[in-house]
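Structure file data-v9.cif (mmCIF, C-alpha atoms) is printed below.
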```cif
data_final
loop_
_atom_site.group_PDB
_atom_site.id
_atom_site.type_symbol
_atom_site.label_atom_id
_atom_site.label_comp_id
_atom_site.auth_asym_id
_atom_site.auth_seq_id
_atom_site.Cartn_x
_atom_site.Cartn_y
_atom_site.Cartn_z
ATOM 1 C CA MET A 191 -7.832 -15.148 -12.126
ATOM 2 C CA ARG A 192 -5.288 -12.609 -10.916
ATOM 3 C CA VAL A 193 -3.189 -12.895 -7.770
ATOM 4 C CA GLU A 194 -1.404 -9.724 -6.644
ATOM 5 C CA ILE A 195 1.433 -9.997 -4.149
ATOM 6 C CA TRP A 196 2.621 -6.960 -2.204
ATOM 7 C CA SER A 197 6.155 -7.537 -0.929
ATOM 8 C CA ASP A 198 9.566 -6.030 -0.251
ATOM 9 C CA ILE A 199 12.981 -7.409 -1.179
ATOM 10 C CA ALA A 200 14.185 -6.768 2.380
ATOM 11 C CA CYS A 201 11.388 -8.909 3.865
ATOM 12 C CA PRO A 202 12.444 -12.475 4.767
ATOM 13 C CA TRP A 203 8.842 -13.622 5.151
ATOM 14 C CA CYS A 204 8.138 -12.381 1.616
ATOM 15 C CA TYR A 205 10.992 -14.610 0.421
ATOM 16 C CA VAL A 206 9.533 -17.607 2.267
ATOM 17 C CA GLY A 207 5.930 -16.724 1.419
ATOM 18 C CA LYS A 208 6.662 -16.581 -2.301
ATOM 19 C CA ALA A 209 8.019 -20.125 -2.177
ATOM 20 C CA ARG A 210 4.988 -21.379 -0.243
ATOM 21 C CA PHE A 211 2.554 -19.723 -2.619
ATOM 22 C CA GLU A 212 4.393 -21.107 -5.642
ATOM 23 C CA LYS A 213 4.226 -24.602 -4.153
ATOM 24 C CA ALA A 214 0.453 -24.271 -3.903
ATOM 25 C CA LEU A 215 0.169 -22.744 -7.368
ATOM 26 C CA ALA A 216 2.262 -25.514 -8.959
ATOM 27 C CA ALA A 217 -0.236 -28.118 -7.698
ATOM 28 C CA PHE A 218 -3.310 -26.054 -8.615
ATOM 29 C CA PRO A 219 -5.174 -27.665 -11.555
ATOM 30 C CA HIS A 220 -6.010 -24.265 -13.078
ATOM 31 C CA ARG A 221 -2.550 -22.737 -12.617
ATOM 32 C CA ASP A 222 -2.323 -21.798 -16.303
ATOM 33 C CA GLY A 223 -5.326 -19.552 -15.770
ATOM 34 C CA VAL A 224 -3.733 -17.650 -12.885
ATOM 35 C CA GLU A 225 -1.884 -14.393 -13.514
ATOM 36 C CA VAL A 226 0.583 -13.381 -10.784
ATOM 37 C CA VAL A 227 1.518 -9.707 -10.407
ATOM 38 C CA HIS A 228 4.065 -8.439 -7.891
ATOM 39 C CA ARG A 229 3.302 -5.110 -6.229
ATOM 40 C CA SER A 230 5.631 -2.721 -4.407
ATOM 41 C CA PHE A 231 5.763 -2.223 -0.654
ATOM 42 C CA GLU A 232 8.668 -0.630 1.248
ATOM 43 C CA LEU A 233 9.244 -1.689 4.829
ATOM 44 C CA ASP A 234 11.424 1.372 5.438
ATOM 45 C CA PRO A 235 10.316 4.019 2.900
ATOM 46 C CA GLY A 236 12.012 6.894 4.692
ATOM 47 C CA ARG A 237 15.447 5.362 4.501
ATOM 48 C CA ALA A 238 17.975 7.198 2.347
ATOM 49 C CA LYS A 239 19.619 5.474 -0.595
ATOM 50 C CA GLY A 240 23.099 4.371 0.425
ATOM 51 C CA ASP A 241 22.179 4.096 4.094
ATOM 52 C CA THR A 242 23.023 0.461 4.753
ATOM 53 C CA GLY A 243 23.659 -1.537 7.898
ATOM 54 C CA LEU A 244 23.860 -5.072 9.226
ATOM 55 C CA VAL A 245 20.619 -6.890 9.981
ATOM 56 C CA LEU A 246 21.416 -8.091 13.504
ATOM 57 C CA PRO A 247 22.121 -4.621 14.955
ATOM 58 C CA MET A 248 19.001 -3.326 13.185
ATOM 59 C CA LEU A 249 16.849 -6.010 14.838
ATOM 60 C CA MET A 250 18.351 -5.244 18.231
ATOM 61 C CA GLY A 251 17.732 -1.508 17.879
ATOM 62 C CA LYS A 252 14.316 -1.602 16.227
ATOM 63 C CA TYR A 253 12.712 -4.337 18.315
ATOM 64 C CA GLY A 254 14.672 -4.077 21.552
ATOM 65 C CA MET A 255 16.111 -7.555 21.142
ATOM 66 C CA SER A 256 19.239 -8.838 22.773
ATOM 67 C CA GLU A 257 21.924 -10.083 20.425
ATOM 68 C CA GLU A 258 21.044 -13.639 21.398
ATOM 69 C CA GLN A 259 17.364 -13.060 20.588
ATOM 70 C CA ALA A 260 18.217 -11.500 17.222
ATOM 71 C CA ARG A 261 20.467 -14.419 16.306
ATOM 72 C CA GLU A 262 17.808 -16.906 17.377
ATOM 73 C CA GLY A 263 15.198 -15.121 15.270
ATOM 74 C CA GLU A 264 17.427 -15.296 12.224
ATOM 75 C CA ARG A 265 18.173 -18.956 12.912
ATOM 76 C CA ARG A 266 14.457 -19.742 12.973
ATOM 77 C CA LEU A 267 13.911 -17.820 9.758
ATOM 78 C CA GLY A 268 16.689 -19.895 8.245
ATOM 79 C CA GLU A 269 14.883 -23.065 9.305
ATOM 80 C CA ASN A 270 11.628 -21.866 7.726
ATOM 81 C CA ALA A 271 13.469 -21.033 4.512
ATOM 82 C CA ALA A 272 15.228 -24.396 4.468
ATOM 83 C CA ALA A 273 11.880 -26.170 4.860
ATOM 84 C CA GLU A 274 10.874 -24.583 1.540
ATOM 85 C CA GLY A 275 14.131 -25.546 -0.153
ATOM 86 C CA LEU A 276 15.612 -22.048 0.146
ATOM 87 C CA ASP A 277 19.073 -20.985 1.228
ATOM 88 C CA TYR A 278 19.291 -18.281 3.900
ATOM 89 C CA ARG A 279 22.302 -16.537 5.419
ATOM 90 C CA THR A 280 21.619 -16.073 9.114
ATOM 91 C CA GLU A 281 24.637 -13.816 9.711
ATOM 92 C CA GLY A 282 26.392 -11.051 7.852
ATOM 93 C CA ARG A 283 23.453 -9.818 5.788
ATOM 94 C CA ASP A 284 22.876 -6.108 5.362
ATOM 95 C CA HIS A 285 19.757 -4.066 4.643
ATOM 96 C CA GLY A 286 18.930 -0.718 3.077
ATOM 97 C CA ASN A 287 16.583 1.255 0.836
ATOM 98 C CA THR A 288 14.666 -0.853 -1.707
ATOM 99 C CA PHE A 289 12.914 1.883 -3.706
ATOM 100 C CA ASP A 290 15.180 1.603 -6.753
ATOM 101 C CA MET A 291 14.756 -2.162 -6.847
ATOM 102 C CA HIS A 292 10.996 -1.688 -6.848
ATOM 103 C CA ARG A 293 11.320 0.785 -9.731
ATOM 104 C CA LEU A 294 13.356 -1.787 -11.630
ATOM 105 C CA LEU A 295 10.729 -4.434 -10.929
ATOM 106 C CA HIS A 296 8.188 -2.217 -12.696
ATOM 107 C CA LEU A 297 10.480 -2.114 -15.724
ATOM 108 C CA ALA A 298 10.694 -5.901 -15.510
ATOM 109 C CA LYS A 299 6.901 -6.090 -15.405
ATOM 110 C CA ALA A 300 6.694 -4.008 -18.573
ATOM 111 C CA ARG A 301 9.155 -6.408 -20.238
ATOM 112 C CA GLY A 302 7.468 -9.570 -18.989
ATOM 113 C CA ARG A 303 10.362 -10.507 -16.671
ATOM 114 C CA GLN A 304 9.043 -9.444 -13.273
ATOM 115 C CA ASP A 305 8.836 -12.852 -11.616
ATOM 116 C CA GLU A 306 12.335 -13.710 -12.804
ATOM 117 C CA LEU A 307 13.820 -10.513 -11.390
ATOM 118 C CA ILE A 308 12.114 -10.617 -8.013
ATOM 119 C CA GLY A 309 13.272 -14.190 -7.537
ATOM 120 C CA LEU A 310 16.860 -13.230 -8.312
ATOM 121 C CA LEU A 311 16.731 -10.212 -6.008
ATOM 122 C CA TYR A 312 15.471 -12.372 -3.152
ATOM 123 C CA ARG A 313 18.158 -14.953 -3.769
ATOM 124 C CA ALA A 314 20.898 -12.350 -3.866
ATOM 125 C CA ASN A 315 19.714 -10.530 -0.746
ATOM 126 C CA PHE A 316 19.186 -13.594 1.407
ATOM 127 C CA THR A 317 21.936 -15.929 0.227
ATOM 128 C CA GLU A 318 24.890 -13.968 -1.180
ATOM 129 C CA GLU A 319 27.711 -12.210 0.637
ATOM 130 C CA ARG A 320 27.714 -9.439 -1.947
ATOM 131 C CA SER A 321 25.282 -6.656 -1.069
ATOM 132 C CA VAL A 322 22.420 -5.556 -3.316
ATOM 133 C CA PHE A 323 22.260 -2.279 -1.352
ATOM 134 C CA ALA A 324 25.856 -1.069 -1.534
ATOM 135 C CA ASP A 325 25.723 0.025 -5.181
ATOM 136 C CA ASP A 326 23.743 -0.537 -8.357
ATOM 137 C CA THR A 327 26.275 -2.812 -10.054
ATOM 138 C CA ARG A 328 24.968 -6.048 -8.579
ATOM 139 C CA VAL A 329 21.352 -5.041 -9.205
ATOM 140 C CA VAL A 330 22.089 -4.412 -12.899
ATOM 141 C CA GLU A 331 23.789 -7.805 -13.141
ATOM 142 C CA LEU A 332 20.689 -9.434 -11.705
ATOM 143 C CA ALA A 333 18.476 -7.503 -14.115
ATOM 144 C CA VAL A 334 20.514 -8.844 -17.030
ATOM 145 C CA GLU A 335 20.292 -12.369 -15.596
ATOM 146 C CA ALA A 336 16.513 -11.926 -15.487
ATOM 147 C CA GLY A 337 16.492 -11.047 -19.180
ATOM 148 C CA LEU A 338 16.509 -7.239 -19.117
ATOM 149 C CA ASP A 339 18.750 -4.988 -21.168
ATOM 150 C CA ALA A 340 21.691 -3.693 -19.117
ATOM 151 C CA ASP A 341 21.612 -0.184 -20.582
ATOM 152 C CA GLU A 342 17.881 0.132 -20.020
ATOM 153 C CA ALA A 343 18.241 -1.063 -16.422
ATOM 154 C CA ARG A 344 21.041 1.462 -15.781
ATOM 155 C CA ALA A 345 18.954 4.234 -17.337
ATOM 156 C CA VAL A 346 16.052 3.480 -14.980
ATOM 157 C CA LEU A 347 18.314 3.422 -11.932
ATOM 158 C CA ALA A 348 19.970 6.689 -13.012
ATOM 159 C CA ASP A 349 16.620 8.507 -13.299
ATOM 160 C CA PRO A 350 14.859 8.652 -9.906
ATOM 161 C CA GLU A 351 11.541 9.560 -11.558
ATOM 162 C CA ARG A 352 11.322 6.484 -13.812
ATOM 163 C CA TYR A 353 8.567 4.200 -12.467
ATOM 164 C CA ALA A 354 8.523 6.129 -9.179
ATOM 165 C CA ASP A 355 4.822 6.892 -9.605
ATOM 166 C CA ASP A 356 4.122 3.196 -10.174
ATOM 167 C CA VAL A 357 5.818 2.254 -6.923
ATOM 168 C CA ARG A 358 3.943 4.933 -4.990
ATOM 169 C CA ALA A 359 0.656 3.882 -6.600
ATOM 170 C CA ASP A 360 1.205 0.287 -5.444
ATOM 171 C CA GLU A 361 1.926 1.497 -1.930
ATOM 172 C CA ARG A 362 -1.162 3.709 -1.809
ATOM 173 C CA GLU A 363 -3.257 0.821 -3.027
ATOM 174 C CA ALA A 364 -1.855 -1.440 -0.320
ATOM 175 C CA ALA A 365 -2.900 1.107 2.293
ATOM 176 C CA GLU A 366 -6.387 1.362 0.777
ATOM 177 C CA LEU A 367 -6.707 -2.425 0.950
ATOM 178 C CA GLY A 368 -5.702 -2.387 4.606
ATOM 179 C CA ALA A 369 -2.260 -3.944 4.209
ATOM 180 C CA ASN A 370 0.141 -2.670 6.848
ATOM 181 C CA GLY A 371 2.661 -5.451 6.425
ATOM 182 C CA VAL A 372 3.940 -7.913 3.847
ATOM 183 C CA PRO A 373 3.657 -10.339 2.235
ATOM 184 C CA PHE A 374 0.064 -9.547 1.363
ATOM 185 C CA PHE A 375 -1.743 -11.640 -1.250
ATOM 186 C CA VAL A 376 -4.929 -10.505 -2.986
ATOM 187 C CA LEU A 377 -6.915 -12.980 -5.079
ATOM 188 C CA ASP A 378 -9.157 -11.451 -7.741
ATOM 189 C CA ARG A 379 -9.630 -8.370 -5.537
ATOM 190 C CA LYS A 380 -11.955 -10.522 -3.434
ATOM 191 C CA TYR A 381 -9.795 -12.328 -0.884
ATOM 192 C CA GLY A 382 -6.781 -11.102 1.047
ATOM 193 C CA ILE A 383 -4.161 -13.257 2.775
ATOM 194 C CA SER A 384 -1.658 -11.698 5.153
ATOM 195 C CA GLY A 385 1.714 -13.257 5.875
ATOM 196 C CA ALA A 386 3.719 -16.263 4.724
ATOM 197 C CA GLN A 387 0.936 -18.768 5.319
ATOM 198 C CA PRO A 388 1.455 -22.520 4.835
ATOM 199 C CA ALA A 389 1.020 -23.785 1.269
ATOM 200 C CA GLU A 390 -2.218 -25.490 2.336
ATOM 201 C CA VAL A 391 -3.786 -22.099 3.096
ATOM 202 C CA PHE A 392 -2.877 -20.807 -0.352
ATOM 203 C CA THR A 393 -4.253 -23.977 -1.926
ATOM 204 C CA GLN A 394 -7.593 -23.497 -0.180
ATOM 205 C CA ALA A 395 -7.721 -19.819 -1.150
ATOM 206 C CA LEU A 396 -6.949 -20.558 -4.802
ATOM 207 C CA GLU A 397 -9.668 -23.210 -4.950
ATOM 208 C CA GLN A 398 -12.216 -20.960 -3.270
ATOM 209 C CA ALA A 399 -11.451 -17.908 -5.390
ATOM 210 C CA TRP A 400 -11.499 -19.962 -8.589
ATOM 211 C CA GLY A 401 -14.791 -21.601 -7.703
ATOM 212 C CA GLU A 402 -16.461 -18.299 -6.894
ATOM 213 C CA ARG A 403 -15.530 -16.478 -10.062
ATOM 214 C CA ALA A 404 -18.570 -14.783 -11.543
ATOM 215 C CA PRO A 405 -19.834 -16.596 -14.658
ATOM 216 C CA LEU A 406 -19.797 -14.661 -17.907
ATOM 217 C CA THR A 407 -23.150 -13.142 -18.785
ATOM 218 C CA PRO A 408 -23.535 -13.005 -22.580
ATOM 219 C CA LEU A 409 -25.121 -9.827 -23.932
ATOM 220 C CA ALA A 410 -25.255 -11.204 -27.480
ATOM 221 C CA THR A 411 -24.310 -14.454 -29.161
ATOM 222 C CA ALA A 412 -22.689 -15.278 -32.470
ATOM 223 C CA ASP A 413 -25.208 -17.944 -33.443
ATOM 224 C CA GLY A 414 -27.606 -15.688 -35.292
ATOM 225 C CA ASP A 415 -29.573 -14.814 -32.195
ATOM 226 C CA GLY A 416 -28.638 -11.176 -31.958
ATOM 227 C CA GLY A 417 -24.909 -11.779 -32.179
ATOM 228 C CA GLY A 418 -22.246 -10.439 -34.499
ATOM 229 C CA ASP A 419 -20.078 -12.243 -37.006
ATOM 230 C CA ALA A 420 -17.405 -14.403 -35.405
ATOM 231 C CA CYS A 421 -14.842 -17.134 -35.971
ATOM 232 C CA GLY A 422 -15.058 -20.534 -34.298
ATOM 233 C CA PRO A 423 -13.607 -24.059 -34.444
ATOM 234 C CA ASP A 424 -15.336 -24.642 -37.780
ATOM 235 C CA GLY A 425 -13.970 -21.482 -39.345
ATOM 236 C CA CYS A 426 -15.211 -17.961 -39.921
ATOM 237 C CA GLU A 427 -18.674 -16.998 -41.022
ATOM 238 C CA VAL A 428 -18.690 -15.807 -44.597
ATOM 239 C CA PRO A 429 -20.527 -12.525 -45.180
ATOM 240 C CA ARG A 430 -23.571 -13.008 -47.359
ATOM 241 C CA GLY A 431 -25.134 -10.399 -49.580
#
```
Before we go any further, please render this structure as structure tokens.
Amino acid sequence: MRVEIWSDIACPWCYVGKARFEKALAAFPHRDGVEVVHRSFELDPGRAKGDTGLVLPMLMGKYGMSEEQAREGERRLGENAAAEGLDYRTEGRDHGNTFDMHRLLHLAKARGRQDELIGLLYRANFTEERSVFADDTRVVELAVEAGLDADEARAVLADPERYADDVRADEREAAELGANGVPFFVLDRKYGISGAQPAEVFTQALEQAWGERAPLTPLATADGDGGGDACGPDGCEVPRG
């Protein structure tokens, strides 16, 4: 079974939602049969690279909040993160364009290190004083920590076309599926879950999706009844003249 997760590094609920989903997945009896794929979604796709700013003023301007309301919102997000065992800086964080990080996540996917990198990017963005938006140096360091080659990571970041089509394809697909916000979880292209739901919701969805998987319909068998030669627990069938 495949679970696809559309998310953005700048999204605090994606950070919390990932932890809640992973809690459910860790307790799922068939977790070894679940493939998790992270998909790209930009909350602010029109933002220019290098255009960074502090989160609190952004919340005040974008949502018409007072400073007190913005601080209270961040405090509550911090409480939700803490409930999942996550650190969260409620003040002093910045935000910016995430397109290059999404491109790098597609490189990580190709190298089998996607989950490691997205976890490190979340941690850095939501817990560290050092910005992941100010320059590419910190992002490359995180890529190396995730198991990627530093030179390859720098080469991807230096070429704006590398994996750009993959990011855009993910975003188009999200729109086609009706996702206008993140996190957005899709189980076997059959069930969709919007938002950082409680772990219990993910548990129920995993159980339902697993139980409703279509059984395999054999077109031919390897037991002599119209099937081809095959190998099994007792060895391989020996061709006979």
Find, counting all atoms listed in the file, the residue in A:Val193, A:Leu249, A:Ala364, A:Ala324 that gets nearest to A:Arg221.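 Of all the options, A:Val193 lies closest to A:Arg221.
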Answer as a PyMOL selection string, residues within 10 Å of (-2.4, -17.9, -15.6) using all atoms listed in the file: chain A and resi 191-193+215+220-226
Among listed residues A:Val206, A:Val227, A:Met255, A:Ala238, nearest A:Glu269 (using all atoms listed in the file):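 Going through A:Val206, A:Val227, A:Met255, A:Ala238 one by one, the smallest distance to A:Glu269 is for A:Val206.
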Quick one: distance from atom CA of A:Leu276 to atom CA of A:Gln304 in Å, one decimal?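 Separation between atom CA of A:Leu276 and atom CA of A:Gln304: 19.5 Å.
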Output check: residues returned by the PyMOL selection byres ((chain A and resi 326-336) around 12), as a ChimeraX atom specification: /A:199,239-240,287-288,290-299,301-315,318-325,337-348
Here's the selection I'm unsure about, the PyMOL selection byres ((chain A and resi 273) around 12); applied to the file above, which residues does it give, as a CSV table (one decimal) with C-alpha atoms, in the frame of the given file?
```
chain,number,residue,atom,x,y,z
A,206,VAL,CA,9.5,-17.6,2.3
A,207,GLY,CA,5.9,-16.7,1.4
A,209,ALA,CA,8.0,-20.1,-2.2
A,210,ARG,CA,5.0,-21.4,-0.2
A,213,LYS,CA,4.2,-24.6,-4.2
A,266,ARG,CA,14.5,-19.7,13.0
A,267,LEU,CA,13.9,-17.8,9.8
A,268,GLY,CA,16.7,-19.9,8.2
A,269,GLU,CA,14.9,-23.1,9.3
A,270,ASN,CA,11.6,-21.9,7.7
A,271,ALA,CA,13.5,-21.0,4.5
A,272,ALA,CA,15.2,-24.4,4.5
A,274,GLU,CA,10.9,-24.6,1.5
A,275,GLY,CA,14.1,-25.5,-0.2
A,276,LEU,CA,15.6,-22.0,0.1
A,277,ASP,CA,19.1,-21.0,1.2
A,278,TYR,CA,19.3,-18.3,3.9
A,388,PRO,CA,1.5,-22.5,4.8
A,389,ALA,CA,1.0,-23.8,1.3
```
Just how far from atom CA of A:Phe218 is atom CA of A:Trp400, in Å to one decimal? 10.2 Å
Which distance in Å separates atom CA of A:Ser230 and atom CA of A:Asn370, to one decimal? 12.5 Å
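Counting all atoms listed in the file, the residue from A:Glu194, A:Glu397, A:Asp284, A:Glu257 that sits nearest to A:Phe231 is A:Glu194.
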I need the residue set behind the PyMOL selection byres ((chain A and resi 197) around 6) for this file; please write it as an MDAnalysis selection string. chainID A and resid 196 198 204 230:231 372:373
